[in-house]
Amino acid sequence: MHCADASQLMDEILDRPANSELQAALLAHTADCAACRAEWLAIQQVDRLLATAPLVSPPSNFTTKVMAHLPRRRPARNLWAGALALFAGTSFLLLVAVMAGVGLSSMAGLIDMPGSGGAMLLQLSSALIRWAEAGWEIRRVVLSLIPSGVIALYALVSLVAIGMWLGLVAGVQGALQPADMHDP
Amino acid sequence: MNAEHTWIVQAQRGDQQAFAKLVEAYQGPVYNLAYRMLGNADDAADAAQETFLRAYAHLASYDPKRKFSSWLLTIASNYCIDQLRRRRINWVSVEELPPWETLQARTPDPEESAIRGSNANEIQEMLNTLPPDYRLAVVLRYWYDYSYQDIAAMTNSTVSAVKSRLHRARRMLAEVITAMPYRERHEPPDTENPYPQKGALMQCIVQMPAS
């Protein structure tokens, strides 16, 4: 065995101390090689010293310090999920606005006479009627282009999405408040 | 599902209390690695804190297939290596001085002396003479009992490179030890338990409470 091989063998023995074949091979070499014998003794000394090194303890208030430095916002979420929820939620609110206009359109007929204090009410109702008529026209066009089943499905998906959206908004609001951290 | 996995999932959802439990559980291993790499208590505390802040910032990218401890210690390792390289120490200069002069050049402060015995102090001073990459291989092998494969994965290296670093590191440390005037203080090992501390930190990690 060459000395270079013996040197490599020393590391293998340190990593696999139970391997008696490797140890026997090294001992056979070091018996005749003073340089490798000295190297082996020194390497064993290093190994023992490192293996018996003590552990050190972190400062007692370490966790509290770390938590005090945490950013107050949440870890990043998936952007696509946030964008989808925002789009669906906003479009759902628009849909609700249109439907509300349609509802008002059906009620507009109830306001037919200006009362004693009704001049302002009449103006307001006229504006609402014009808005409602526009909403009714949109509804008619939408229904002529898209089957009602698809619209119902969209409404259901939008309800779920708006829930996500509101949850996201609540999360952002919560994250903006000062962090309430305690050492566990 | 164990407690650690639960804490990770909750922390990924923004639960800071759950993240605090992860900090509590892993502060020892992370701090020990930072201490052995950087060599003093103040730098180790800063590095350990920065490790957890980085882990929190990148928690969404944590792959659950990987061991959380390995992921965390990889962050700590990278940070410590960066810090050591920024110190701009000329590692080659170690060879220009007698090893015992290098060892005695820095006097530990009282706080460090309080937490370390003379033997521990020698170990740390010896570690400080190693280049950062060698030192990291030694720390991960001896204090955490990681395999060559694990160390290679954590250091973005190869098994042969890790073997080479450990081989050279042991020889460098052997030169330091044989040159130390007080080397006779090292007692022969207890034959019943020659390596009482080996892998102690990993045992600490393994003993995580189950939910």
# chains A, B, ... in the order shown; residues from 1 in each chain; ligands from 1
call {"tool": "residues_around", "arguments": {"residues": "stretch 152-162 of chain A", "least_positions_apart": "6", "cutoff": "6 Å", "atoms": "only C-alpha atoms", "output": "number ranges by chain"}}
result
A: 85, 88-89, 92
call {"tool": "residues_around", "arguments": {"residues": "A:Pro58", "least_positions_apart": "4", "cutoff": "8 Å", "atoms": "only C-alpha atoms", "output": "list in words"}}
result
Phe62 of chain A; Gln27, Gly28, Tyr31, Asn32 and Ala45 of chain B
call {"tool": "residues_around", "arguments": {"residues": "A:Val142", "least_positions_apart": "5", "cutoff": "12 Å", "atoms": "only C-alpha atoms", "output": "ChimeraX atom specification"}}
result
/A:95,98-99,135-137,147-148,150-151
